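*Asks:* First, the structure itself, so that you have it in front of you.
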Amino acid sequence: MTQHLMTIDGESRDSSNRFDVINPATGEPFATAPEADAVILDDAMAGAERAFRSWKLDDDARRDALRSAAAALNDAIPRIAPLLTQEQGKPLNEAIFEVAGVGMWLQYYADLEVEREILQDDDAAFVEVVRRPIGVVAAIAPWNFPLLLSSWKIAPALRAGNTVVLKPSPYTPLSSLAMVEVLNRALPPGVLNVVTGGDALGAAMTAHPTPRKVSFTGSVSAGKKVAVASAADLKRVTLELGGNDPAIVLDDADPAVIGKQLFSAAFQNNGQTCIAVKRVYVPERLHDAVVDALVAEAERAVVGDGMDEKTQFGPINNRPQFDRVRALVDGALSSGARAVAGGTALERPGYFFAPTILTGARDGTAIVDEEQFGPALPVIPYRDLDDAVERANATSFGLGASVWATDTERGESVARRLDAGSAWVNTHAALAPHLPFGGFKWSGVGVENGTWGYKSFTDLQVVHRRKQ
Ligand code: NAD
């Protein structure tokens, strides 16, 4: 059996404590991961701090190393993707896509041309804004896209000259251990380290004196704790947190055209996507037709073990999340909503839940107001578009939002009124390495990706040379 180990300062490292990793398709442990203690965390931070001294010096060397790391990772897809499916639950083809995505992000940041920012160059002075790496970055990741979301931190942070200590979620440690081991074949020791453990390890990272930046993706509640802990030491933070994305269907939309896309925008990765559509507002006139289109998709969906190639939707990733989705759906049903598709867990081992479409759920119920992060979607009728926009915006979240329309310009004018970091028309969750991504309100602080993501891993220095 493979021994899954941490990589610290370029070396493989075990721990005297190991914790179980559960396969959500069975609900049973299938491997163990090392649990980092305070000594191991100190070693990781010290290794990253040492490596920073030389890593920050040579941008061309960093670009080359990131390119080689991307190539090494692409070669390792057949080894890493099944591990991701086993611990995360997602279908193998989506796991392959996720690992390949990491390669894309590394390649994008290796190739990124960062324009010089010369503010003044005249007889009096030469003034330039220079981007300086911050130092050691503590990168903390969730379990829904453990590798891809880590790469949104690793790739820009390393390109900018920082070094990184990564902590994956305790639900998905193995694919990250494998990924870092592979990336380290192309990186100098200490540049990228990985420690595994639970939430307390994340808190220990934010309290640790070494990192100068914390880049966190996860829940709003943990994100607030990270912000408080980081503030105590004036660490820089980027927080990518939860969402409750609305989709507003306009009265000229064709349900037959949008049904499939809307369904996949809500149920991709089994709804466990920060920017999944989590509530749909539909004009009363189109309500039944949109519901019918979504139900048809839900009934066609093949739910099963991600290792089975027929599977389109795997299990929910972990027991607490499974229980939460079940409680939210039960709560909606007992307050008058109807499950027109699904509505229950599947009668089989593992954390399987039927793709669920709910009608009659009202604003003010938990399934509408909170982030369900699972395969259950409420469809809510509206009479007046202004009212729908107001209800869509009446939330503490502000990650993504979308408008679905035949007249796309009118759709765009509505999208511009939505309070969300990304507002899409006739699509949702359209992400790419060059597009900035972040949330309004409780959905986050700062952005990732593109040049914005790169700059978030730098301090801005003004170099001012007087000429006279
Ligand atoms: P989580 O907040 O429970 O855990 C995320 C990570 O933070 C884990 O590694 C965890 O161990 C660690 N952690 C927990 N408490 C911590 C603390 N006090 N200090 C430091 N680290 C701590 O989130 P999750 O359940 O793994 O992920 C699901 C959540 O993440 C959802 O709310 C989802 O919307 C959000 N998410 C957001 C984005 C985005 O880009 N905005 C992307 C994916 C997921």
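Ordered as shown in the structure tokens, chains take letters A, B, and onward, while each chain numbers its residues from 1 and ligands are numbered from 1 in the order shown.
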Neighbouring residues of ligand 1 are defined here as those with any atom at most 8 Å from a ligand atom, counting only C-alpha atoms and all ligand atoms; list them as number ranges by chain.
*Replies:* A: 140-145, 149, 167-171, 197-206, 216-223, 225-226, 229, 239-243, 272-275, 321, 371, 373, 399, 437-439, 443-444
*Asks:* Which residues come within 9 Å of A:Thr311, counting only C-alpha atoms, excluding same-chain residues fewer than 2 positions away, as a PyMOL selection string?
*Replies:* chain A and resi 90-92+301-309+313-314
*Asks:* Could you state the separation of atom CA of A:Pro433 and atom CA of A:Glu98 in Å, given to one decimal place?
*Replies:*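 Distance between the two atoms: 13.1 Å.
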*Asks:* Closest to A:Glu390 among A:Phe97, A:Trp442, A:Phe30, A:Tyr281, using only C-alpha atoms?
*Replies:*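 Checking each candidate against A:Glu390, we get A:Tyr281 as the closest.
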*Asks:* Run DSSP on the backbone and give me the residues of stretch 285-387 of chain A it puts in strand (DSSP E), as a count of residues only.
*Replies:* 15
*Asks:* Using only C-alpha atoms, determine which residues lie at most 8 Å from A:Val129, disregarding the query and same-chain residues fewer than 5 positions distant; provide the list as a ChimeraX atom specification.
*Replies:* /A:116-119,460-463
*Asks:* Can you write just those residues out, N, CA, C and O atoms, as a compact mmCIF listing (two decimals), in the first residue's frame?
*Replies:*
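Output file again_34.txt follows:
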```txt
# COMPACT_ATOMS: atom_id res chain seq x y z
N ARG A 116 5.72 46.32 -16.72
CA ARG A 116 6.36 47.28 -15.80
C ARG A 116 5.42 48.46 -15.58
O ARG A 116 4.67 48.85 -16.48
N GLU A 117 5.46 49.02 -14.40
CA GLU A 117 4.56 50.14 -14.08
C GLU A 117 5.43 51.37 -13.79
O GLU A 117 5.75 51.67 -12.63
N ILE A 118 5.86 52.05 -14.86
CA ILE A 118 6.69 53.25 -14.69
C ILE A 118 5.75 54.46 -14.60
O ILE A 118 4.98 54.73 -15.52
N LEU A 119 5.81 55.14 -13.49
CA LEU A 119 4.87 56.23 -13.24
C LEU A 119 5.42 57.58 -13.69
O LEU A 119 4.66 58.50 -13.98
N LEU A 460 3.61 46.22 -2.80
CA LEU A 460 3.88 47.23 -3.82
C LEU A 460 4.98 48.16 -3.29
O LEU A 460 4.85 48.73 -2.21
N GLN A 461 6.06 48.24 -4.06
CA GLN A 461 7.14 49.14 -3.64
C GLN A 461 7.29 50.27 -4.67
O GLN A 461 7.33 50.00 -5.88
N VAL A 462 7.41 51.48 -4.19
CA VAL A 462 7.68 52.60 -5.09
C VAL A 462 9.19 52.85 -5.07
O VAL A 462 9.77 53.13 -4.01
N VAL A 463 9.81 52.70 -6.22
CA VAL A 463 11.24 53.02 -6.33
C VAL A 463 11.33 54.39 -7.00
O VAL A 463 10.84 54.57 -8.13
```
*Asks:* Can you list, as a compact mmCIF listing (two decimals) with N, CA and C atoms, in the first residue's frame, every residue of stretch 47-227 of chain A that DSSP puts in helix (DSSP H, G or I)?
*Replies:*
```
# COMPACT_ATOMS: atom_id res chain seq x y z
N GLY A 47 11.69 25.79 6.61
CA GLY A 47 12.17 25.41 5.26
C GLY A 47 11.72 26.44 4.24
N ALA A 48 10.45 26.86 4.34
CA ALA A 48 9.92 27.83 3.39
C ALA A 48 10.64 29.18 3.53
N GLU A 49 10.95 29.53 4.76
CA GLU A 49 11.62 30.81 5.00
C GLU A 49 13.05 30.80 4.43
N ARG A 50 13.73 29.66 4.60
CA ARG A 50 15.09 29.55 4.04
C ARG A 50 15.05 29.60 2.52
N ALA A 51 14.09 28.85 1.96
CA ALA A 51 14.02 28.78 0.49
C ALA A 51 13.69 30.14 -0.12
N PHE A 52 12.95 30.95 0.61
CA PHE A 52 12.54 32.26 0.10
C PHE A 52 13.74 33.13 -0.27
N ARG A 53 14.83 32.97 0.49
CA ARG A 53 15.99 33.86 0.27
C ARG A 53 16.51 33.79 -1.16
N SER A 54 16.56 32.57 -1.73
CA SER A 54 17.06 32.50 -3.11
C SER A 54 15.93 32.46 -4.14
N TRP A 55 14.80 31.85 -3.78
CA TRP A 55 13.68 31.72 -4.73
C TRP A 55 13.20 33.09 -5.21
N ASP A 59 13.41 35.63 -11.45
CA ASP A 59 12.08 35.42 -12.05
C ASP A 59 12.14 34.39 -13.19
N ASP A 60 13.18 34.45 -14.03
CA ASP A 60 13.26 33.50 -15.15
C ASP A 60 13.37 32.06 -14.64
N ALA A 61 14.16 31.88 -13.57
CA ALA A 61 14.29 30.53 -13.00
C ALA A 61 12.94 30.06 -12.47
N ARG A 62 12.18 30.97 -11.91
CA ARG A 62 10.86 30.58 -11.39
C ARG A 62 9.93 30.18 -12.53
N ARG A 63 9.99 30.93 -13.62
CA ARG A 63 9.13 30.59 -14.77
C ARG A 63 9.49 29.21 -15.30
N ASP A 64 10.77 28.93 -15.42
CA ASP A 64 11.20 27.62 -15.91
C ASP A 64 10.75 26.50 -14.97
N ALA A 65 10.92 26.76 -13.68
CA ALA A 65 10.55 25.72 -12.71
C ALA A 65 9.05 25.45 -12.75
N LEU A 66 8.25 26.51 -12.90
CA LEU A 66 6.80 26.30 -12.96
C LEU A 66 6.41 25.52 -14.21
N ARG A 67 7.09 25.80 -15.31
CA ARG A 67 6.81 25.04 -16.55
C ARG A 67 7.14 23.56 -16.35
N SER A 68 8.30 23.30 -15.76
CA SER A 68 8.69 21.90 -15.53
C SER A 68 7.72 21.23 -14.55
N ALA A 69 7.28 21.99 -13.55
CA ALA A 69 6.33 21.43 -12.58
C ALA A 69 5.02 21.06 -13.27
N ALA A 70 4.58 21.92 -14.19
CA ALA A 70 3.33 21.63 -14.92
C ALA A 70 3.49 20.35 -15.73
N ALA A 71 4.65 20.20 -16.38
CA ALA A 71 4.87 19.01 -17.20
C ALA A 71 4.90 17.75 -16.33
N ALA A 72 5.58 17.85 -15.18
CA ALA A 72 5.66 16.68 -14.28
C ALA A 72 4.27 16.30 -13.80
N LEU A 73 3.46 17.31 -13.51
CA LEU A 73 2.12 17.02 -13.02
C LEU A 73 1.26 16.38 -14.10
N ASN A 74 1.35 16.90 -15.31
CA ASN A 74 0.56 16.30 -16.39
C ASN A 74 0.91 14.83 -16.58
N ASP A 75 2.20 14.50 -16.43
CA ASP A 75 2.60 13.09 -16.56
C ASP A 75 2.02 12.23 -15.43
N ILE A 77 -0.94 12.55 -14.00
CA ILE A 77 -2.42 12.54 -13.91
C ILE A 77 -2.96 11.12 -13.65
N PRO A 78 -2.44 10.09 -14.33
CA PRO A 78 -3.02 8.75 -14.11
C PRO A 78 -2.84 8.26 -12.66
N ARG A 79 -1.85 8.78 -11.96
CA ARG A 79 -1.67 8.37 -10.56
C ARG A 79 -2.52 9.22 -9.61
N ILE A 80 -2.61 10.52 -9.88
CA ILE A 80 -3.24 11.42 -8.92
C ILE A 80 -4.77 11.43 -9.05
N ALA A 81 -5.27 11.37 -10.29
CA ALA A 81 -6.73 11.52 -10.47
C ALA A 81 -7.53 10.44 -9.73
N PRO A 82 -7.14 9.14 -9.80
CA PRO A 82 -7.93 8.14 -9.06
C PRO A 82 -7.92 8.38 -7.54
N LEU A 83 -6.80 8.90 -7.05
CA LEU A 83 -6.72 9.21 -5.62
C LEU A 83 -7.73 10.31 -5.26
N LEU A 84 -7.83 11.28 -6.15
CA LEU A 84 -8.78 12.38 -5.94
C LEU A 84 -10.21 11.84 -5.93
N THR A 85 -10.52 10.96 -6.88
CA THR A 85 -11.87 10.38 -6.93
C THR A 85 -12.15 9.59 -5.66
N GLN A 86 -11.18 8.80 -5.22
CA GLN A 86 -11.41 7.95 -4.05
C GLN A 86 -11.67 8.76 -2.78
N GLU A 87 -10.98 9.88 -2.62
CA GLU A 87 -11.16 10.61 -1.36
C GLU A 87 -12.20 11.72 -1.48
N GLN A 88 -12.43 12.21 -2.71
CA GLN A 88 -13.35 13.34 -2.88
C GLN A 88 -14.72 12.85 -3.34
N LEU A 92 -14.24 10.08 -12.16
CA LEU A 92 -12.82 10.07 -12.54
C LEU A 92 -12.53 11.06 -13.67
N ASN A 93 -13.44 11.19 -14.64
CA ASN A 93 -13.14 12.13 -15.74
C ASN A 93 -13.06 13.57 -15.22
N GLU A 94 -13.85 13.89 -14.18
CA GLU A 94 -13.76 15.24 -13.60
C GLU A 94 -12.49 15.40 -12.76
N ALA A 95 -12.06 14.29 -12.15
CA ALA A 95 -10.81 14.33 -11.38
C ALA A 95 -9.63 14.56 -12.33
N ILE A 96 -9.68 13.89 -13.47
CA ILE A 96 -8.62 14.08 -14.48
C ILE A 96 -8.60 15.55 -14.92
N PHE A 97 -9.78 16.08 -15.15
CA PHE A 97 -9.92 17.47 -15.58
C PHE A 97 -9.36 18.42 -14.51
N GLU A 98 -9.61 18.07 -13.26
CA GLU A 98 -9.11 18.94 -12.17
C GLU A 98 -7.58 18.93 -12.11
N VAL A 99 -6.97 17.74 -12.20
CA VAL A 99 -5.50 17.70 -12.15
C VAL A 99 -4.92 18.45 -13.36
N ALA A 100 -5.54 18.24 -14.51
CA ALA A 100 -5.07 18.95 -15.71
C ALA A 100 -5.20 20.47 -15.51
N GLY A 101 -6.24 20.88 -14.79
CA GLY A 101 -6.44 22.30 -14.51
C GLY A 101 -5.27 22.89 -13.72
N VAL A 102 -4.73 22.11 -12.80
CA VAL A 102 -3.57 22.58 -12.03
C VAL A 102 -2.41 22.87 -13.00
N GLY A 103 -2.21 21.96 -13.96
CA GLY A 103 -1.16 22.17 -14.97
C GLY A 103 -1.41 23.46 -15.74
N MET A 104 -2.67 23.70 -16.08
CA MET A 104 -3.01 24.93 -16.82
C MET A 104 -2.68 26.18 -16.02
N TRP A 105 -3.00 26.14 -14.73
CA TRP A 105 -2.74 27.32 -13.89
C TRP A 105 -1.23 27.56 -13.73
N LEU A 106 -0.49 26.47 -13.57
CA LEU A 106 0.97 26.62 -13.43
C LEU A 106 1.55 27.21 -14.72
N GLN A 107 1.06 26.68 -15.84
CA GLN A 107 1.56 27.15 -17.13
C GLN A 107 1.19 28.63 -17.35
N TYR A 108 -0.05 28.96 -17.00
CA TYR A 108 -0.50 30.36 -17.18
C TYR A 108 0.41 31.30 -16.40
N TYR A 109 0.67 30.96 -15.14
CA TYR A 109 1.49 31.88 -14.33
C TYR A 109 2.95 31.86 -14.74
N ALA A 110 3.43 30.72 -15.27
CA ALA A 110 4.80 30.71 -15.80
C ALA A 110 4.91 31.68 -16.98
N ASP A 111 3.86 31.72 -17.79
CA ASP A 111 3.90 32.52 -19.02
C ASP A 111 3.46 33.97 -18.81
N PRO A 146 -9.92 20.22 -4.28
CA PRO A 146 -8.73 20.41 -3.43
C PRO A 146 -7.47 20.80 -4.21
N LEU A 147 -7.32 20.22 -5.40
CA LEU A 147 -6.08 20.48 -6.15
C LEU A 147 -6.17 21.80 -6.92
N LEU A 148 -7.25 21.97 -7.63
CA LEU A 148 -7.37 23.17 -8.45
C LEU A 148 -7.32 24.43 -7.58
N LEU A 149 -8.07 24.41 -6.48
CA LEU A 149 -8.12 25.62 -5.66
C LEU A 149 -6.78 25.87 -4.96
N SER A 150 -6.02 24.81 -4.70
CA SER A 150 -4.67 25.01 -4.17
C SER A 150 -3.77 25.65 -5.22
N SER A 151 -3.97 25.24 -6.47
CA SER A 151 -3.10 25.79 -7.53
C SER A 151 -3.38 27.27 -7.77
N TRP A 152 -4.59 27.73 -7.43
CA TRP A 152 -4.88 29.17 -7.57
C TRP A 152 -4.05 29.98 -6.59
N LYS A 153 -3.52 29.30 -5.58
CA LYS A 153 -2.64 29.95 -4.61
C LYS A 153 -1.18 29.68 -4.97
N ILE A 154 -0.88 28.38 -5.17
CA ILE A 154 0.51 27.99 -5.37
C ILE A 154 1.11 28.69 -6.59
N ALA A 155 0.40 28.64 -7.73
CA ALA A 155 1.00 29.12 -8.99
C ALA A 155 1.33 30.63 -8.93
N PRO A 156 0.37 31.49 -8.58
CA PRO A 156 0.74 32.92 -8.54
C PRO A 156 1.70 33.25 -7.41
N ALA A 157 1.55 32.57 -6.25
CA ALA A 157 2.44 32.87 -5.12
C ALA A 157 3.88 32.55 -5.49
N LEU A 158 4.09 31.38 -6.10
CA LEU A 158 5.47 31.00 -6.46
C LEU A 158 6.01 31.88 -7.57
N ARG A 159 5.18 32.15 -8.57
CA ARG A 159 5.67 32.99 -9.67
C ARG A 159 6.13 34.36 -9.14
N PRO A 173 -6.73 14.87 1.85
CA PRO A 173 -5.30 15.17 1.96
C PRO A 173 -4.43 14.44 0.93
N LEU A 174 -4.89 13.27 0.46
CA LEU A 174 -3.97 12.38 -0.26
C LEU A 174 -3.59 12.91 -1.63
N SER A 175 -4.57 13.44 -2.36
CA SER A 175 -4.25 13.94 -3.70
C SER A 175 -3.31 15.14 -3.60
N SER A 176 -3.46 15.94 -2.54
CA SER A 176 -2.56 17.10 -2.38
C SER A 176 -1.15 16.64 -2.01
N LEU A 177 -1.05 15.60 -1.17
CA LEU A 177 0.29 15.07 -0.85
C LEU A 177 0.96 14.58 -2.12
N ALA A 178 0.20 13.86 -2.95
CA ALA A 178 0.78 13.34 -4.20
C ALA A 178 1.15 14.48 -5.14
N MET A 179 0.27 15.48 -5.23
CA MET A 179 0.54 16.62 -6.13
C MET A 179 1.82 17.35 -5.72
N VAL A 180 1.97 17.62 -4.43
CA VAL A 180 3.14 18.38 -3.99
C VAL A 180 4.41 17.55 -4.19
N GLU A 181 4.30 16.24 -3.94
CA GLU A 181 5.48 15.39 -4.16
C GLU A 181 5.93 15.49 -5.63
N VAL A 182 4.97 15.48 -6.54
CA VAL A 182 5.31 15.55 -7.98
C VAL A 182 5.86 16.95 -8.33
N LEU A 183 5.21 17.99 -7.85
CA LEU A 183 5.67 19.35 -8.18
C LEU A 183 7.08 19.58 -7.65
N ASP A 199 -8.61 21.11 11.36
CA ASP A 199 -8.83 22.56 11.42
C ASP A 199 -7.84 23.24 12.37
N ALA A 200 -7.46 22.52 13.44
CA ALA A 200 -6.54 23.13 14.42
C ALA A 200 -5.18 23.42 13.77
N LEU A 201 -4.79 22.57 12.82
CA LEU A 201 -3.53 22.83 12.12
C LEU A 201 -3.64 24.11 11.28
N GLY A 202 -4.80 24.30 10.65
CA GLY A 202 -5.03 25.55 9.91
C GLY A 202 -4.92 26.76 10.84
N ALA A 203 -5.53 26.63 12.00
CA ALA A 203 -5.48 27.74 12.97
C ALA A 203 -4.03 27.98 13.42
N ALA A 204 -3.27 26.88 13.60
CA ALA A 204 -1.87 27.04 14.00
C ALA A 204 -1.07 27.75 12.90
N MET A 205 -1.43 27.52 11.65
CA MET A 205 -0.73 28.21 10.55
C MET A 205 -1.02 29.71 10.57
N THR A 206 -2.28 30.06 10.85
CA THR A 206 -2.61 31.50 10.84
C THR A 206 -2.02 32.21 12.05
N ALA A 207 -1.78 31.44 13.12
CA ALA A 207 -1.18 32.04 14.33
C ALA A 207 0.34 32.02 14.28
N VAL A 220 -17.43 30.54 5.28
CA VAL A 220 -17.47 31.89 5.85
C VAL A 220 -17.04 31.84 7.31
N SER A 221 -17.54 30.83 8.06
CA SER A 221 -17.24 30.83 9.50
C SER A 221 -15.74 30.66 9.75
N ALA A 222 -15.09 29.74 9.04
CA ALA A 222 -13.64 29.58 9.22
C ALA A 222 -12.91 30.81 8.68
N GLY A 223 -13.40 31.37 7.58
CA GLY A 223 -12.76 32.55 6.99
C GLY A 223 -12.73 33.72 7.95
N LYS A 224 -13.80 33.88 8.71
CA LYS A 224 -13.81 34.98 9.69
C LYS A 224 -12.76 34.75 10.78
N LYS A 225 -12.61 33.48 11.18
CA LYS A 225 -11.58 33.17 12.18
C LYS A 225 -10.18 33.44 11.62
N VAL A 226 -9.99 33.09 10.36
CA VAL A 226 -8.70 33.33 9.72
C VAL A 226 -8.41 34.84 9.67
N ALA A 227 -9.44 35.62 9.36
CA ALA A 227 -9.26 37.08 9.29
C ALA A 227 -8.86 37.63 10.65
```
*Asks:* For A:Thr7, find every residue with an atom within 9 Å (counting only C-alpha atoms), except residues of its own chain fewer than 4 positions away, and show them as a PyMOL selection string.
*Replies:* chain A and resi 11-14+44+177+180-181+184+190+192-195
*Asks:* Please dump the current selection as a compact mmCIF listing (two decimals), in the first residue's frame; keep all heavy atoms.
*Replies:*
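So the final result, stored in part_22.txt, reads:
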```txt
# COMPACT_ATOMS: atom_id res chain seq x y z
N GLU A 11 11.93 17.13 1.56
CA GLU A 11 12.04 15.75 2.05
C GLU A 11 10.66 15.17 2.34
O GLU A 11 9.77 15.90 2.80
CB GLU A 11 12.82 15.71 3.38
CG GLU A 11 14.21 16.33 3.33
CD GLU A 11 15.22 15.39 2.70
OE1 GLU A 11 14.98 14.17 2.72
OE2 GLU A 11 16.24 15.89 2.17
N SER A 12 10.52 13.85 2.14
CA SER A 12 9.29 13.18 2.56
C SER A 12 9.28 13.07 4.07
O SER A 12 10.30 12.80 4.69
CB SER A 12 9.23 11.76 1.98
OG SER A 12 9.21 11.84 0.60
N ARG A 13 8.10 13.27 4.64
CA ARG A 13 8.05 13.29 6.10
C ARG A 13 6.77 12.63 6.60
O ARG A 13 5.68 12.94 6.12
CB ARG A 13 8.11 14.75 6.55
CG ARG A 13 8.07 14.99 8.02
CD ARG A 13 9.49 14.99 8.60
NE ARG A 13 9.42 15.44 9.98
CZ ARG A 13 9.84 16.62 10.39
NH1 ARG A 13 10.39 17.48 9.55
NH2 ARG A 13 9.73 16.96 11.67
N ASP A 14 6.92 11.72 7.55
CA ASP A 14 5.75 11.08 8.17
C ASP A 14 5.51 11.74 9.53
O ASP A 14 6.22 12.68 9.91
CB ASP A 14 6.01 9.58 8.34
CG ASP A 14 4.72 8.79 8.45
OD1 ASP A 14 3.63 9.40 8.51
OD2 ASP A 14 4.80 7.54 8.49
N ALA A 44 8.30 23.04 8.51
CA ALA A 44 7.80 23.45 7.19
C ALA A 44 7.98 24.96 7.01
O ALA A 44 8.43 25.44 5.96
CB ALA A 44 6.34 23.06 7.04
N LEU A 177 -1.05 15.60 -1.17
CA LEU A 177 0.29 15.07 -0.85
C LEU A 177 0.96 14.58 -2.12
O LEU A 177 2.15 14.87 -2.37
CB LEU A 177 0.18 13.93 0.17
CG LEU A 177 -0.28 14.33 1.59
CD1 LEU A 177 -0.52 13.08 2.44
CD2 LEU A 177 0.74 15.24 2.26
N VAL A 180 1.97 17.62 -4.43
CA VAL A 180 3.14 18.38 -3.99
C VAL A 180 4.41 17.55 -4.19
O VAL A 180 5.45 18.08 -4.58
CB VAL A 180 2.98 18.84 -2.52
CG1 VAL A 180 4.26 19.47 -2.01
CG2 VAL A 180 1.83 19.84 -2.42
N GLU A 181 4.30 16.24 -3.94
CA GLU A 181 5.48 15.39 -4.16
C GLU A 181 5.93 15.49 -5.63
O GLU A 181 7.12 15.66 -5.91
CB GLU A 181 5.11 13.95 -3.78
CG GLU A 181 6.25 12.94 -3.84
CD GLU A 181 6.21 12.10 -5.10
OE1 GLU A 181 5.19 11.44 -5.35
OE2 GLU A 181 7.20 12.13 -5.86
N ASN A 184 7.39 18.94 -6.53
CA ASN A 184 8.72 19.13 -5.94
C ASN A 184 9.84 18.55 -6.78
O ASN A 184 11.00 18.89 -6.58
CB ASN A 184 8.75 18.57 -4.51
CG ASN A 184 8.56 19.67 -3.49
OD1 ASN A 184 9.50 20.35 -3.11
ND2 ASN A 184 7.32 19.90 -3.09
N GLY A 190 12.01 23.24 -0.21
CA GLY A 190 11.48 24.27 0.68
C GLY A 190 10.57 25.28 0.02
O GLY A 190 9.87 26.03 0.70
N LEU A 192 7.93 24.69 -1.91
CA LEU A 192 6.53 24.27 -1.74
C LEU A 192 6.50 23.10 -0.75
O LEU A 192 7.10 22.06 -1.00
CB LEU A 192 5.93 23.84 -3.08
CG LEU A 192 4.52 23.25 -3.02
CD1 LEU A 192 3.51 24.25 -2.47
CD2 LEU A 192 4.07 22.76 -4.41
N ASN A 193 5.82 23.32 0.34
CA ASN A 193 5.72 22.31 1.41
C ASN A 193 4.26 21.99 1.64
O ASN A 193 3.39 22.83 1.41
CB ASN A 193 6.29 22.87 2.72
CG ASN A 193 7.66 23.48 2.50
OD1 ASN A 193 8.67 22.81 2.61
ND2 ASN A 193 7.70 24.78 2.17
N VAL A 194 3.98 20.76 2.12
CA VAL A 194 2.59 20.43 2.43
C VAL A 194 2.53 19.76 3.80
O VAL A 194 3.32 18.87 4.10
CB VAL A 194 1.95 19.54 1.33
CG1 VAL A 194 2.71 18.24 1.11
CG2 VAL A 194 0.49 19.25 1.64
N VAL A 195 1.60 20.26 4.62
CA VAL A 195 1.34 19.64 5.92
C VAL A 195 -0.13 19.21 5.93
O VAL A 195 -0.97 19.89 5.36
CB VAL A 195 1.61 20.62 7.09
CG1 VAL A 195 3.09 20.91 7.23
CG2 VAL A 195 0.83 21.93 6.92
```
*Asks:* Could you give me, as a ChimeraX atom specification, the residues within 10 Å of A:Arg466, counting only C-alpha atoms and dropping anything in the same chain fewer than 5 positions from it?
*Replies:* /A:121-127
*Asks:* Could those selected residues go to a file with N, CA and C atoms, as a PDB file, in the first residue's frame?
*Replies:*
```pdb
ATOM      1  N   ASP A 121       9.071  59.291 -15.722  1.00  0.00           N
ATOM      2  CA  ASP A 121      10.446  59.183 -16.214  1.00  0.00           C
ATOM      3  C   ASP A 121      10.717  60.470 -16.998  1.00  0.00           C
ATOM      4  N   ASP A 122      11.158  61.515 -16.294  1.00  0.00           N
ATOM      5  CA  ASP A 122      11.394  62.812 -16.912  1.00  0.00           C
ATOM      6  C   ASP A 122      12.695  63.400 -16.350  1.00  0.00           C
ATOM      7  N   ASP A 123      12.915  64.667 -16.596  1.00  0.00           N
ATOM      8  CA  ASP A 123      14.176  65.255 -16.149  1.00  0.00           C
ATOM      9  C   ASP A 123      14.308  65.238 -14.635  1.00  0.00           C
ATOM     10  N   ALA A 124      13.159  65.243 -13.953  1.00  0.00           N
ATOM     11  CA  ALA A 124      13.200  65.349 -12.489  1.00  0.00           C
ATOM     12  C   ALA A 124      13.445  64.006 -11.812  1.00  0.00           C
ATOM     13  N   ALA A 125      12.798  62.944 -12.315  1.00  0.00           N
ATOM     14  CA  ALA A 125      12.885  61.680 -11.569  1.00  0.00           C
ATOM     15  C   ALA A 125      12.435  60.496 -12.406  1.00  0.00           C
ATOM     16  N   PHE A 126      12.867  59.329 -11.964  1.00  0.00           N
ATOM     17  CA  PHE A 126      12.365  58.054 -12.484  1.00  0.00           C
ATOM     18  C   PHE A 126      11.625  57.383 -11.326  1.00  0.00           C
ATOM     19  N   VAL A 127      10.336  57.074 -11.572  1.00  0.00           N
ATOM     20  CA  VAL A 127       9.534  56.461 -10.496  1.00  0.00           C
ATOM     21  C   VAL A 127       8.839  55.217 -11.051  1.00  0.00           C
TER      22      VAL A 127
END
```
*Asks:* Measuring between only C-alpha atoms, which one of A:Leu328, A:Leu418, A:Val114, A:Val290 shows the shortest distance to A:Ile367?
*Replies:*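 That would be A:Leu328, the residue with the smallest distance to A:Ile367.
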*Asks:* What is the distance between atom CA of A:Pro133 and atom CA of A:Ile40, in Å to one decimal?
*Replies:*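 So the answer is 24.4 Å.
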*Asks:* If you count only C-alpha atoms, which residues fall within 6 Å of stretch 337-345 of chain A, apart from same-chain ones fewer than 4 positions away, as a PyMOL selection string?
*Replies:* chain A and resi 295+332-333+352-361
*Asks:* Could you list, as a PyMOL selection string, every residue within 12 Å of A:Glu115, counting only C-alpha atoms and ignoring same-chain residues fewer than 6 positions away?
*Replies:* chain A and resi 128-131+451+454-455
*Asks:* Work out how far atom CA of A:Ala38 is from atom CA of A:Arg212, in Å to one decimal.
*Replies:* 18.2 Å
